[in-house]
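Structure data follow from upload_1.cif (mmCIF, N, CA and C atoms and all ligand atoms):
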```cif
data_input
loop_
_atom_site.label_atom_id
_atom_site.label_comp_id
_atom_site.auth_asym_id
_atom_site.auth_seq_id
_atom_site.Cartn_x
_atom_site.Cartn_y
_atom_site.Cartn_z
N MET Y 742 177.93 206.42 330.39
CA MET Y 742 179.14 206.66 329.61
C MET Y 742 179.40 205.47 328.70
N GLN Y 743 179.77 205.72 327.47
CA GLN Y 743 180.14 204.64 326.56
C GLN Y 743 181.29 205.11 325.69
N ARG Y 744 182.32 204.30 325.61
CA ARG Y 744 183.46 204.69 324.79
C ARG Y 744 183.70 203.66 323.71
N ARG Y 745 184.27 204.10 322.59
CA ARG Y 745 184.58 203.16 321.52
C ARG Y 745 185.84 202.36 321.85
N GLU Y 746 185.98 201.26 321.17
CA GLU Y 746 187.10 200.34 321.39
C GLU Y 746 188.45 201.05 321.39
N SER Y 747 188.62 201.97 320.47
CA SER Y 747 189.96 202.50 320.21
C SER Y 747 190.42 203.56 321.19
N ASP Y 748 189.54 204.09 322.04
CA ASP Y 748 189.99 205.26 322.80
C ASP Y 748 190.14 205.02 324.29
N MET Y 749 190.17 203.77 324.71
CA MET Y 749 190.24 203.50 326.14
C MET Y 749 191.13 202.30 326.46
N LYS Y 750 191.80 202.36 327.62
CA LYS Y 750 192.63 201.25 328.09
C LYS Y 750 192.22 200.88 329.51
N LEU Y 751 192.44 199.61 329.87
CA LEU Y 751 192.32 199.20 331.26
C LEU Y 751 193.74 198.99 331.79
N ILE Y 752 194.07 199.74 332.83
CA ILE Y 752 195.37 199.57 333.48
C ILE Y 752 195.18 198.68 334.70
N LEU Y 753 196.00 197.66 334.77
CA LEU Y 753 195.96 196.71 335.87
C LEU Y 753 197.33 196.79 336.52
N ALA Y 754 197.39 197.28 337.75
CA ALA Y 754 198.68 197.54 338.38
C ALA Y 754 198.77 196.81 339.72
N ILE Y 755 199.81 195.98 339.87
CA ILE Y 755 200.02 195.25 341.12
C ILE Y 755 201.08 196.01 341.92
N VAL Y 756 200.69 196.41 343.13
CA VAL Y 756 201.48 197.35 343.93
C VAL Y 756 201.69 196.75 345.32
N ASN Y 757 202.86 196.99 345.89
CA ASN Y 757 203.13 196.56 347.27
C ASN Y 757 202.11 197.21 348.22
N ASN Y 758 201.63 196.43 349.19
CA ASN Y 758 200.64 196.97 350.13
C ASN Y 758 201.14 198.23 350.84
N ASP Y 759 202.45 198.29 351.10
CA ASP Y 759 202.98 199.45 351.82
C ASP Y 759 202.92 200.72 350.98
N ASP Y 760 202.82 200.58 349.66
CA ASP Y 760 202.74 201.75 348.77
C ASP Y 760 201.31 202.05 348.33
N ALA Y 761 200.40 201.11 348.59
CA ALA Y 761 199.07 201.18 347.98
C ALA Y 761 198.32 202.47 348.36
N HIS Y 762 198.47 202.89 349.62
CA HIS Y 762 197.75 204.09 350.06
C HIS Y 762 198.21 205.33 349.26
N PHE Y 763 199.53 205.43 349.06
CA PHE Y 763 200.08 206.60 348.35
C PHE Y 763 199.68 206.57 346.87
N VAL Y 764 199.71 205.37 346.28
CA VAL Y 764 199.30 205.24 344.87
C VAL Y 764 197.84 205.61 344.74
N ASN Y 765 197.02 205.07 345.63
CA ASN Y 765 195.58 205.32 345.58
C ASN Y 765 195.26 206.81 345.71
N SER Y 766 195.83 207.44 346.75
CA SER Y 766 195.47 208.84 346.99
C SER Y 766 196.02 209.74 345.89
N SER Y 767 197.21 209.43 345.36
CA SER Y 767 197.76 210.27 344.29
C SER Y 767 196.93 210.16 343.01
N LEU Y 768 196.48 208.95 342.70
CA LEU Y 768 195.64 208.78 341.50
C LEU Y 768 194.31 209.49 341.66
N SER Y 769 193.72 209.35 342.85
CA SER Y 769 192.42 209.99 343.09
C SER Y 769 192.54 211.51 343.04
N LYS Y 770 193.61 212.02 343.68
CA LYS Y 770 193.82 213.49 343.66
C LYS Y 770 193.99 214.00 342.24
N ALA Y 771 194.60 213.17 341.38
CA ALA Y 771 194.82 213.58 339.98
C ALA Y 771 193.54 213.42 339.15
N GLY Y 772 192.47 212.92 339.77
CA GLY Y 772 191.18 212.88 339.09
C GLY Y 772 190.84 211.56 338.42
N PHE Y 773 191.61 210.51 338.70
CA PHE Y 773 191.33 209.22 338.05
C PHE Y 773 190.39 208.36 338.90
N PHE Y 774 189.53 207.61 338.22
CA PHE Y 774 188.69 206.63 338.91
C PHE Y 774 189.54 205.39 339.16
N VAL Y 775 189.46 204.86 340.38
CA VAL Y 775 190.32 203.74 340.76
C VAL Y 775 189.51 202.68 341.48
N THR Y 776 189.73 201.40 341.15
CA THR Y 776 189.23 200.29 341.96
C THR Y 776 190.43 199.55 342.51
N LYS Y 777 190.43 199.34 343.83
CA LYS Y 777 191.56 198.65 344.48
C LYS Y 777 191.07 197.29 344.98
N ILE Y 778 191.79 196.25 344.58
CA ILE Y 778 191.42 194.89 344.98
C ILE Y 778 192.56 194.33 345.83
N SER Y 779 192.19 193.68 346.92
CA SER Y 779 193.21 193.00 347.74
C SER Y 779 193.62 191.72 347.03
N SER Y 780 194.93 191.54 346.84
CA SER Y 780 195.41 190.37 346.10
C SER Y 780 196.58 189.73 346.85
N THR Y 781 197.02 188.59 346.36
CA THR Y 781 198.12 187.87 347.01
C THR Y 781 199.12 187.44 345.94
N GLY Y 782 200.39 187.75 346.16
CA GLY Y 782 201.43 187.31 345.22
C GLY Y 782 201.60 185.80 345.31
N GLY Y 783 201.60 185.15 344.15
CA GLY Y 783 201.67 183.69 344.13
C GLY Y 783 203.00 183.14 344.60
N PHE Y 784 204.05 183.94 344.56
CA PHE Y 784 205.37 183.47 344.93
C PHE Y 784 205.63 183.67 346.42
N LEU Y 785 205.52 184.89 346.88
CA LEU Y 785 205.78 185.15 348.31
C LEU Y 785 204.57 184.82 349.18
N MET Y 786 203.40 184.69 348.54
CA MET Y 786 202.15 184.44 349.27
C MET Y 786 201.88 185.52 350.31
N SER Y 787 202.28 186.76 349.95
CA SER Y 787 201.96 187.85 350.86
C SER Y 787 201.06 188.85 350.13
N GLY Y 788 200.34 189.62 350.91
CA GLY Y 788 199.32 190.51 350.34
C GLY Y 788 199.92 191.61 349.49
N ASN Y 789 199.27 191.88 348.37
CA ASN Y 789 199.59 193.10 347.61
C ASN Y 789 198.25 193.71 347.16
N SER Y 790 198.31 194.78 346.42
CA SER Y 790 197.08 195.47 345.99
C SER Y 790 197.06 195.56 344.48
N THR Y 791 195.91 195.25 343.90
CA THR Y 791 195.77 195.35 342.45
C THR Y 791 194.80 196.48 342.14
N PHE Y 792 195.28 197.43 341.35
CA PHE Y 792 194.46 198.58 340.96
C PHE Y 792 193.92 198.36 339.56
N LEU Y 793 192.64 198.65 339.38
CA LEU Y 793 192.01 198.64 338.06
C LEU Y 793 191.63 200.08 337.72
N MET Y 794 192.02 200.51 336.53
CA MET Y 794 191.68 201.87 336.12
C MET Y 794 191.32 201.90 334.65
N GLY Y 795 190.13 202.33 334.34
CA GLY Y 795 189.74 202.57 332.95
C GLY Y 795 190.08 204.01 332.61
N VAL Y 796 190.96 204.19 331.62
CA VAL Y 796 191.41 205.55 331.29
C VAL Y 796 191.43 205.77 329.77
N LYS Y 797 191.46 207.04 329.39
CA LYS Y 797 191.60 207.35 327.97
C LYS Y 797 193.03 207.02 327.53
N ASP Y 798 193.19 206.70 326.25
CA ASP Y 798 194.52 206.36 325.72
C ASP Y 798 195.57 207.38 326.12
N ASP Y 799 195.21 208.66 326.01
CA ASP Y 799 196.23 209.69 326.25
C ASP Y 799 196.48 209.95 327.74
N GLU Y 800 195.81 209.18 328.62
CA GLU Y 800 196.07 209.32 330.06
C GLU Y 800 196.98 208.21 330.60
N VAL Y 801 197.26 207.21 329.76
CA VAL Y 801 197.99 206.04 330.24
C VAL Y 801 199.37 206.43 330.81
N ASP Y 802 200.11 207.25 330.09
CA ASP Y 802 201.46 207.59 330.53
C ASP Y 802 201.44 208.34 331.86
N ARG Y 803 200.43 209.21 332.02
CA ARG Y 803 200.34 209.98 333.27
C ARG Y 803 200.06 209.04 334.46
N VAL Y 804 199.16 208.09 334.25
CA VAL Y 804 198.84 207.14 335.31
C VAL Y 804 200.07 206.31 335.67
N ILE Y 805 200.80 205.84 334.66
CA ILE Y 805 201.99 205.03 334.93
C ILE Y 805 203.04 205.85 335.68
N GLU Y 806 203.16 207.11 335.34
CA GLU Y 806 204.12 207.98 336.03
C GLU Y 806 203.74 208.15 337.50
N ILE Y 807 202.46 208.31 337.78
CA ILE Y 807 202.01 208.45 339.18
C ILE Y 807 202.30 207.17 339.95
N ILE Y 808 202.02 206.02 339.32
CA ILE Y 808 202.29 204.73 339.99
C ILE Y 808 203.79 204.59 340.24
N ARG Y 809 204.58 204.92 339.21
CA ARG Y 809 206.04 204.81 339.34
C ARG Y 809 206.56 205.68 340.50
N ASN Y 810 206.06 206.90 340.59
CA ASN Y 810 206.55 207.84 341.60
C ASN Y 810 206.18 207.44 343.03
N ASN Y 811 205.23 206.51 343.15
CA ASN Y 811 204.76 206.13 344.49
C ASN Y 811 205.03 204.67 344.84
N SER Y 812 205.78 203.96 343.99
CA SER Y 812 206.05 202.54 344.23
C SER Y 812 207.54 202.30 344.40
N LYS Y 813 207.90 201.75 345.53
CA LYS Y 813 209.33 201.52 345.81
C LYS Y 813 209.70 200.06 345.56
N LYS Y 814 210.99 199.84 345.31
CA LYS Y 814 211.53 198.47 345.27
C LYS Y 814 211.83 198.04 346.70
N ARG Y 815 211.62 196.75 346.98
CA ARG Y 815 211.95 196.23 348.31
C ARG Y 815 212.59 194.85 348.17
N VAL Y 816 213.51 194.57 349.07
CA VAL Y 816 214.08 193.21 349.11
C VAL Y 816 213.34 192.45 350.20
N GLN Y 817 212.74 191.32 349.82
CA GLN Y 817 211.98 190.53 350.79
C GLN Y 817 212.53 189.11 350.87
N LYS Y 818 212.42 188.54 352.06
CA LYS Y 818 212.87 187.16 352.28
C LYS Y 818 211.94 186.18 351.57
N VAL Y 819 212.51 185.15 350.97
CA VAL Y 819 211.71 184.10 350.35
C VAL Y 819 211.29 183.11 351.43
N PRO Y 820 209.99 182.76 351.50
CA PRO Y 820 209.56 181.81 352.52
C PRO Y 820 210.24 180.45 352.34
N PHE Y 821 210.42 179.76 353.41
CA PHE Y 821 211.16 178.50 353.42
C PHE Y 821 210.65 177.52 352.36
N ASP Y 822 209.34 177.33 352.25
CA ASP Y 822 208.84 176.30 351.32
C ASP Y 822 209.05 176.70 349.86
N MET Y 823 209.07 178.01 349.53
CA MET Y 823 209.33 178.42 348.15
C MET Y 823 210.81 178.31 347.82
N LYS Y 824 211.65 178.46 348.84
CA LYS Y 824 213.09 178.32 348.62
C LYS Y 824 213.42 176.90 348.20
N ASN Y 825 212.64 175.96 348.68
CA ASN Y 825 213.03 174.55 348.56
C ASN Y 825 212.19 173.74 347.58
N ASN Y 826 211.13 174.33 347.01
CA ASN Y 826 210.25 173.53 346.16
C ASN Y 826 210.12 174.09 344.75
N GLY Y 827 210.84 173.50 343.81
CA GLY Y 827 210.60 173.71 342.39
C GLY Y 827 210.34 175.12 341.92
N THR Y 828 211.18 176.07 342.28
CA THR Y 828 210.97 177.45 341.85
C THR Y 828 211.74 177.77 340.58
N GLY Y 829 212.57 176.87 340.11
CA GLY Y 829 213.37 177.16 338.93
C GLY Y 829 214.68 177.85 339.27
N PHE Y 830 214.89 178.18 340.55
CA PHE Y 830 216.18 178.75 340.94
C PHE Y 830 217.25 177.67 340.88
N SER Y 831 218.41 177.95 340.26
CA SER Y 831 219.48 176.97 340.28
C SER Y 831 220.07 176.89 341.70
N GLN Y 832 220.21 178.05 342.32
CA GLN Y 832 220.59 178.12 343.74
C GLN Y 832 219.39 178.69 344.48
N PRO Y 833 218.92 178.04 345.54
CA PRO Y 833 217.79 178.61 346.27
C PRO Y 833 218.10 180.02 346.74
N ALA Y 834 217.25 180.99 346.40
CA ALA Y 834 217.51 182.37 346.78
C ALA Y 834 216.96 182.63 348.18
N GLU Y 835 217.69 183.44 348.92
CA GLU Y 835 217.22 183.84 350.26
C GLU Y 835 216.25 185.01 350.16
N THR Y 836 216.51 185.88 349.16
CA THR Y 836 215.70 187.09 349.03
C THR Y 836 215.34 187.33 347.56
N VAL Y 837 214.29 188.12 347.35
CA VAL Y 837 213.96 188.59 346.00
C VAL Y 837 213.68 190.09 346.07
N THR Y 838 213.88 190.76 344.94
CA THR Y 838 213.53 192.18 344.88
C THR Y 838 212.10 192.29 344.37
N VAL Y 839 211.27 192.96 345.12
CA VAL Y 839 209.85 193.09 344.77
C VAL Y 839 209.57 194.53 344.34
N GLY Y 840 208.91 194.68 343.22
CA GLY Y 840 208.49 196.00 342.77
C GLY Y 840 209.61 196.77 342.12
N GLY Y 841 209.33 198.08 341.98
CA GLY Y 841 208.16 198.94 342.20
C GLY Y 841 206.83 198.28 341.95
N ALA Y 842 206.21 198.50 340.80
CA ALA Y 842 204.89 197.96 340.51
C ALA Y 842 204.96 197.15 339.22
N THR Y 843 204.04 196.20 339.08
CA THR Y 843 203.90 195.48 337.81
C THR Y 843 202.64 195.97 337.14
N VAL Y 844 202.78 196.51 335.94
CA VAL Y 844 201.65 197.19 335.29
C VAL Y 844 201.32 196.53 333.95
N PHE Y 845 200.06 196.19 333.75
CA PHE Y 845 199.58 195.68 332.47
C PHE Y 845 198.64 196.74 331.87
N VAL Y 846 198.75 196.93 330.56
CA VAL Y 846 197.84 197.87 329.88
C VAL Y 846 197.07 197.07 328.82
N LEU Y 847 195.74 197.03 328.97
CA LEU Y 847 194.89 196.20 328.11
C LEU Y 847 193.97 197.08 327.26
N ASN Y 848 193.73 196.65 326.03
CA ASN Y 848 192.73 197.35 325.21
C ASN Y 848 191.34 197.08 325.77
N VAL Y 849 190.49 198.09 325.73
CA VAL Y 849 189.11 197.96 326.22
C VAL Y 849 188.17 197.96 325.01
N GLU Y 850 187.35 196.92 324.92
CA GLU Y 850 186.42 196.83 323.79
C GLU Y 850 185.22 197.74 324.00
N ASP Y 851 184.76 197.79 325.25
CA ASP Y 851 183.53 198.52 325.54
C ASP Y 851 183.52 198.87 327.03
N CYS Y 852 182.99 200.02 327.38
CA CYS Y 852 182.85 200.37 328.80
C CYS Y 852 181.55 201.13 328.99
N ARG Y 853 180.72 200.68 329.91
CA ARG Y 853 179.45 201.36 330.16
C ARG Y 853 179.24 201.54 331.65
N HIS Y 854 178.86 202.73 332.06
CA HIS Y 854 178.38 202.96 333.43
C HIS Y 854 176.88 202.88 333.37
N LEU Y 855 176.28 201.91 334.04
CA LEU Y 855 174.81 201.71 333.94
C LEU Y 855 174.11 202.29 335.16
P1 LIG Y 901 204.89 187.49 344.01
O1 LIG Y 901 204.35 186.46 343.09
O2 LIG Y 901 204.75 187.21 345.48
O3 LIG Y 901 206.42 187.73 343.62
C1 LIG Y 901 207.29 188.50 344.47
C2 LIG Y 901 208.66 188.62 343.83
O4 LIG Y 901 209.26 187.33 343.74
C3 LIG Y 901 208.63 189.15 342.39
O5 LIG Y 901 208.62 190.57 342.40
C4 LIG Y 901 209.92 188.55 341.82
O6 LIG Y 901 211.05 189.32 342.24
C5 LIG Y 901 210.01 187.21 342.53
N1 LIG Y 901 209.39 186.13 341.76
C6 LIG Y 901 208.10 185.87 341.56
N2 LIG Y 901 207.91 184.75 340.84
C7 LIG Y 901 209.13 184.28 340.59
C8 LIG Y 901 209.62 183.11 339.90
N3 LIG Y 901 208.80 182.24 339.32
N4 LIG Y 901 210.97 182.93 339.84
C9 LIG Y 901 211.81 183.81 340.43
N5 LIG Y 901 211.41 184.92 341.10
C10 LIG Y 901 210.09 185.14 341.18
P2 LIG Y 901 207.86 191.35 341.25
O7 LIG Y 901 208.27 190.81 339.91
O8 LIG Y 901 208.06 192.80 341.50
O9 LIG Y 901 206.32 190.99 341.43
C11 LIG Y 901 205.52 191.50 342.50
C12 LIG Y 901 204.14 190.90 342.45
O10 LIG Y 901 203.50 191.30 341.21
C13 LIG Y 901 204.12 189.38 342.40
O11 LIG Y 901 204.17 188.88 343.74
C14 LIG Y 901 202.81 189.07 341.70
O12 LIG Y 901 201.71 189.23 342.61
C15 LIG Y 901 202.73 190.21 340.70
N6 LIG Y 901 203.27 189.86 339.38
C16 LIG Y 901 204.51 190.12 338.91
N7 LIG Y 901 204.64 189.70 337.65
C17 LIG Y 901 203.46 189.17 337.29
C18 LIG Y 901 202.97 188.56 336.10
N8 LIG Y 901 203.74 188.40 335.01
N9 LIG Y 901 201.69 188.10 336.10
C19 LIG Y 901 200.91 188.22 337.20
N10 LIG Y 901 201.31 188.81 338.35
C20 LIG Y 901 202.57 189.25 338.40
#
```
Could you quickly redo this structure as structure tokens?
Ligand code: 2BA
Amino acid sequence: MQRRESDMKLILAIVNNDDAHFVNSSLSKAGFFVTKISSTGGFLMSGNSTFLMGVKDDEVDRVIEIIRNNSKKRVQKVPFDMKNNGTGFSQPAETVTVGGATVFVLNVEDCRHL
């Protein structure tokens, strides 16, 4: 498979681990190719999941809608060392709201399945 620069995007979506199974299965059921990478949030230092998806331009909105429908917001406790070390908070926060999902959409120059 080879696509031209203009007709494809790479979606990079960071999803809470508790939602990752639902996001993954919903995307797969809808016919999208998905790569799931285990990742760690730099702030909370807890595990999350990063999805990589190469899709056609006109599929981007559908993929984002599926991710949105399967990603919840959560309030999580801030670990003690992040509360107290240079986070930019004027008042150290006890909790932060995490998610739904953080999604980046990147232009793809070239894609080949070899
Ligand atoms: P974490 O880095 O563990 O961040 C967890 C939550 O902590 C964030 O939720 C946000 O509410 C808060 N937070 C993170 N950094 C902060 C900071 N410097 N000051 C104040 N609050 C902060 P979300 O924004 O929903 O992000 C969830 C996860 O998505 C993040 O986990 C990180 O792995 C990823 N992420 C979010 N934005 C990103 C970005 N711009 N670039 C790369 N990764 C990002």
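Based on only C-alpha atoms and all ligand atoms, the protein and nucleic acid residues found within 7 Å of ligand LIG 901 (chain Y) are, by chain and then by number, Ile755, Val756, Thr781, Gly782, Gly783, Phe784, Leu785, Met786, Ser787, Asn789, Thr828, Gly829, Phe830, Val837, Thr838, Val839, Gly840, Gly841, Ala842 and Thr843 of chain Y.
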Please produce a file of those selected residues containing N, CA and C atoms, as an mmCIF file, in the frame of the given file.
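What ended up in again30.cif:
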```
data_model
loop_
_atom_site.group_PDB
_atom_site.id
_atom_site.type_symbol
_atom_site.label_atom_id
_atom_site.label_comp_id
_atom_site.auth_asym_id
_atom_site.auth_seq_id
_atom_site.Cartn_x
_atom_site.Cartn_y
_atom_site.Cartn_z
ATOM 1 N N ILE Y 755 199.810 195.980 339.870
ATOM 2 C CA ILE Y 755 200.020 195.250 341.120
ATOM 3 C C ILE Y 755 201.080 196.010 341.920
ATOM 4 N N VAL Y 756 200.690 196.410 343.130
ATOM 5 C CA VAL Y 756 201.480 197.350 343.930
ATOM 6 C C VAL Y 756 201.690 196.750 345.320
ATOM 7 N N THR Y 781 197.020 188.590 346.360
ATOM 8 C CA THR Y 781 198.120 187.870 347.010
ATOM 9 C C THR Y 781 199.120 187.440 345.940
ATOM 10 N N GLY Y 782 200.390 187.750 346.160
ATOM 11 C CA GLY Y 782 201.430 187.310 345.220
ATOM 12 C C GLY Y 782 201.600 185.800 345.310
ATOM 13 N N GLY Y 783 201.600 185.150 344.150
ATOM 14 C CA GLY Y 783 201.670 183.690 344.130
ATOM 15 C C GLY Y 783 203.000 183.140 344.600
ATOM 16 N N PHE Y 784 204.050 183.940 344.560
ATOM 17 C CA PHE Y 784 205.370 183.470 344.930
ATOM 18 C C PHE Y 784 205.630 183.670 346.420
ATOM 19 N N LEU Y 785 205.520 184.890 346.880
ATOM 20 C CA LEU Y 785 205.780 185.150 348.310
ATOM 21 C C LEU Y 785 204.570 184.820 349.180
ATOM 22 N N MET Y 786 203.400 184.690 348.540
ATOM 23 C CA MET Y 786 202.150 184.440 349.270
ATOM 24 C C MET Y 786 201.880 185.520 350.310
ATOM 25 N N SER Y 787 202.280 186.760 349.950
ATOM 26 C CA SER Y 787 201.960 187.850 350.860
ATOM 27 C C SER Y 787 201.060 188.850 350.130
ATOM 28 N N ASN Y 789 199.270 191.880 348.370
ATOM 29 C CA ASN Y 789 199.590 193.100 347.610
ATOM 30 C C ASN Y 789 198.250 193.710 347.160
ATOM 31 N N THR Y 828 211.180 176.070 342.280
ATOM 32 C CA THR Y 828 210.970 177.450 341.850
ATOM 33 C C THR Y 828 211.740 177.770 340.580
ATOM 34 N N GLY Y 829 212.570 176.870 340.110
ATOM 35 C CA GLY Y 829 213.370 177.160 338.930
ATOM 36 C C GLY Y 829 214.680 177.850 339.270
ATOM 37 N N PHE Y 830 214.890 178.180 340.550
ATOM 38 C CA PHE Y 830 216.180 178.750 340.940
ATOM 39 C C PHE Y 830 217.250 177.670 340.880
ATOM 40 N N VAL Y 837 214.290 188.120 347.350
ATOM 41 C CA VAL Y 837 213.960 188.590 346.000
ATOM 42 C C VAL Y 837 213.680 190.090 346.070
ATOM 43 N N THR Y 838 213.880 190.760 344.940
ATOM 44 C CA THR Y 838 213.530 192.180 344.880
ATOM 45 C C THR Y 838 212.100 192.290 344.370
ATOM 46 N N VAL Y 839 211.270 192.960 345.120
ATOM 47 C CA VAL Y 839 209.850 193.090 344.770
ATOM 48 C C VAL Y 839 209.570 194.530 344.340
ATOM 49 N N GLY Y 840 208.910 194.680 343.220
ATOM 50 C CA GLY Y 840 208.490 196.000 342.770
ATOM 51 C C GLY Y 840 209.610 196.770 342.120
ATOM 52 N N GLY Y 841 209.330 198.080 341.980
ATOM 53 C CA GLY Y 841 208.160 198.940 342.200
ATOM 54 C C GLY Y 841 206.830 198.280 341.950
ATOM 55 N N ALA Y 842 206.210 198.500 340.800
ATOM 56 C CA ALA Y 842 204.890 197.960 340.510
ATOM 57 C C ALA Y 842 204.960 197.150 339.220
ATOM 58 N N THR Y 843 204.040 196.200 339.080
ATOM 59 C CA THR Y 843 203.900 195.480 337.810
ATOM 60 C C THR Y 843 202.640 195.970 337.140
#
```
For this session: Write out as a count of residues only the residues lying within 5 Å of Y:Ala754, counting only N, CA and C atoms and excluding same-chain residues fewer than 2 positions away.
Result: 7
Problem set entry | DSSP-assigned strand (DSSP E or B) members of stretch 752-825 of chain Y, reported as a ChimeraX atom specification | /Y:752-757,776-781,788-797,815-818
Would you mind exporting N, CA and C atoms of the selected residues as an mmCIF file, in the coordinates of the input?
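Result file follows (again14.cif):
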```
data_model
loop_
_atom_site.group_PDB
_atom_site.id
_atom_site.type_symbol
_atom_site.label_atom_id
_atom_site.label_comp_id
_atom_site.auth_asym_id
_atom_site.auth_seq_id
_atom_site.Cartn_x
_atom_site.Cartn_y
_atom_site.Cartn_z
ATOM 1 N N ILE Y 752 194.070 199.740 332.830
ATOM 2 C CA ILE Y 752 195.370 199.570 333.480
ATOM 3 C C ILE Y 752 195.180 198.680 334.700
ATOM 4 N N LEU Y 753 196.000 197.660 334.770
ATOM 5 C CA LEU Y 753 195.960 196.710 335.870
ATOM 6 C C LEU Y 753 197.330 196.790 336.520
ATOM 7 N N ALA Y 754 197.390 197.280 337.750
ATOM 8 C CA ALA Y 754 198.680 197.540 338.380
ATOM 9 C C ALA Y 754 198.770 196.810 339.720
ATOM 10 N N ILE Y 755 199.810 195.980 339.870
ATOM 11 C CA ILE Y 755 200.020 195.250 341.120
ATOM 12 C C ILE Y 755 201.080 196.010 341.920
ATOM 13 N N VAL Y 756 200.690 196.410 343.130
ATOM 14 C CA VAL Y 756 201.480 197.350 343.930
ATOM 15 C C VAL Y 756 201.690 196.750 345.320
ATOM 16 N N ASN Y 757 202.860 196.990 345.890
ATOM 17 C CA ASN Y 757 203.130 196.560 347.270
ATOM 18 C C ASN Y 757 202.110 197.210 348.220
ATOM 19 N N THR Y 776 189.730 201.400 341.150
ATOM 20 C CA THR Y 776 189.230 200.290 341.960
ATOM 21 C C THR Y 776 190.430 199.550 342.510
ATOM 22 N N LYS Y 777 190.430 199.340 343.830
ATOM 23 C CA LYS Y 777 191.560 198.650 344.480
ATOM 24 C C LYS Y 777 191.070 197.290 344.980
ATOM 25 N N ILE Y 778 191.790 196.250 344.580
ATOM 26 C CA ILE Y 778 191.420 194.890 344.980
ATOM 27 C C ILE Y 778 192.560 194.330 345.830
ATOM 28 N N SER Y 779 192.190 193.680 346.920
ATOM 29 C CA SER Y 779 193.210 193.000 347.740
ATOM 30 C C SER Y 779 193.620 191.720 347.030
ATOM 31 N N SER Y 780 194.930 191.540 346.840
ATOM 32 C CA SER Y 780 195.410 190.370 346.100
ATOM 33 C C SER Y 780 196.580 189.730 346.850
ATOM 34 N N THR Y 781 197.020 188.590 346.360
ATOM 35 C CA THR Y 781 198.120 187.870 347.010
ATOM 36 C C THR Y 781 199.120 187.440 345.940
ATOM 37 N N GLY Y 788 200.340 189.620 350.910
ATOM 38 C CA GLY Y 788 199.320 190.510 350.340
ATOM 39 C C GLY Y 788 199.920 191.610 349.490
ATOM 40 N N ASN Y 789 199.270 191.880 348.370
ATOM 41 C CA ASN Y 789 199.590 193.100 347.610
ATOM 42 C C ASN Y 789 198.250 193.710 347.160
ATOM 43 N N SER Y 790 198.310 194.780 346.420
ATOM 44 C CA SER Y 790 197.080 195.470 345.990
ATOM 45 C C SER Y 790 197.060 195.560 344.480
ATOM 46 N N THR Y 791 195.910 195.250 343.900
ATOM 47 C CA THR Y 791 195.770 195.350 342.450
ATOM 48 C C THR Y 791 194.800 196.480 342.140
ATOM 49 N N PHE Y 792 195.280 197.430 341.350
ATOM 50 C CA PHE Y 792 194.460 198.580 340.960
ATOM 51 C C PHE Y 792 193.920 198.360 339.560
ATOM 52 N N LEU Y 793 192.640 198.650 339.380
ATOM 53 C CA LEU Y 793 192.010 198.640 338.060
ATOM 54 C C LEU Y 793 191.630 200.080 337.720
ATOM 55 N N MET Y 794 192.020 200.510 336.530
ATOM 56 C CA MET Y 794 191.680 201.870 336.120
ATOM 57 C C MET Y 794 191.320 201.900 334.650
ATOM 58 N N GLY Y 795 190.130 202.330 334.340
ATOM 59 C CA GLY Y 795 189.740 202.570 332.950
ATOM 60 C C GLY Y 795 190.080 204.010 332.610
ATOM 61 N N VAL Y 796 190.960 204.190 331.620
ATOM 62 C CA VAL Y 796 191.410 205.550 331.290
ATOM 63 C C VAL Y 796 191.430 205.770 329.770
ATOM 64 N N LYS Y 797 191.460 207.040 329.390
ATOM 65 C CA LYS Y 797 191.600 207.350 327.970
ATOM 66 C C LYS Y 797 193.030 207.020 327.530
ATOM 67 N N ARG Y 815 211.620 196.750 346.980
ATOM 68 C CA ARG Y 815 211.950 196.230 348.310
ATOM 69 C C ARG Y 815 212.590 194.850 348.170
ATOM 70 N N VAL Y 816 213.510 194.570 349.070
ATOM 71 C CA VAL Y 816 214.080 193.210 349.110
ATOM 72 C C VAL Y 816 213.340 192.450 350.200
ATOM 73 N N GLN Y 817 212.740 191.320 349.820
ATOM 74 C CA GLN Y 817 211.980 190.530 350.790
ATOM 75 C C GLN Y 817 212.530 189.110 350.870
ATOM 76 N N LYS Y 818 212.420 188.540 352.060
ATOM 77 C CA LYS Y 818 212.870 187.160 352.280
ATOM 78 C C LYS Y 818 211.940 186.180 351.570
#
```
For this session: Just give me the gap between atom CA of Y:Val796 and atom CA of Y:Arg815 in Å, one decimal is fine.
Result: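 Interatomic distance, atom CA of Y:Val796 to atom CA of Y:Arg815: 28.3 Å.
Of the residues listed (Y:Thr836, Y:Asn848, Y:Thr776, Y:Asn810), Y:Asn810 shows the shortest atom-to-atom separation from Y:Phe763; distances use only N, CA and C atoms.
Interatomic distance, atom CA of Y:Val849 against atom CA of Y:Gly772: 19.8 Å.
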Exercise. As JSON, numbers by chain, which residues of stretch 777-834 of chain Y does DSSP assign to helix (DSSP H, G or I)?
Worked result: {"Y": [798, 799, 800, 801, 802, 803, 804, 805, 806, 807, 808, 809, 810, 811, 821, 822, 823, 824, 825]}
For this session: Figure out the distance between atom C of Y:Gly788 and atom N of Y:Pro820, please, to one decimal in Å.
Result: 13.6 Å
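Residues with any atom within 12 Å of Y:Arg803, counting only C-alpha atoms and excluding same-chain neighbours fewer than 2 positions away, are Y:Ile752, Y:Ser767, Y:Leu768, Y:Ala771, Y:Gly772, Y:Phe773, Y:Val796, Y:Lys797, Y:Asp798, Y:Asp799, Y:Glu800, Y:Val801, Y:Ile805, Y:Glu806, Y:Ile807, Y:Ile808, Y:Arg809, Y:Asn810.
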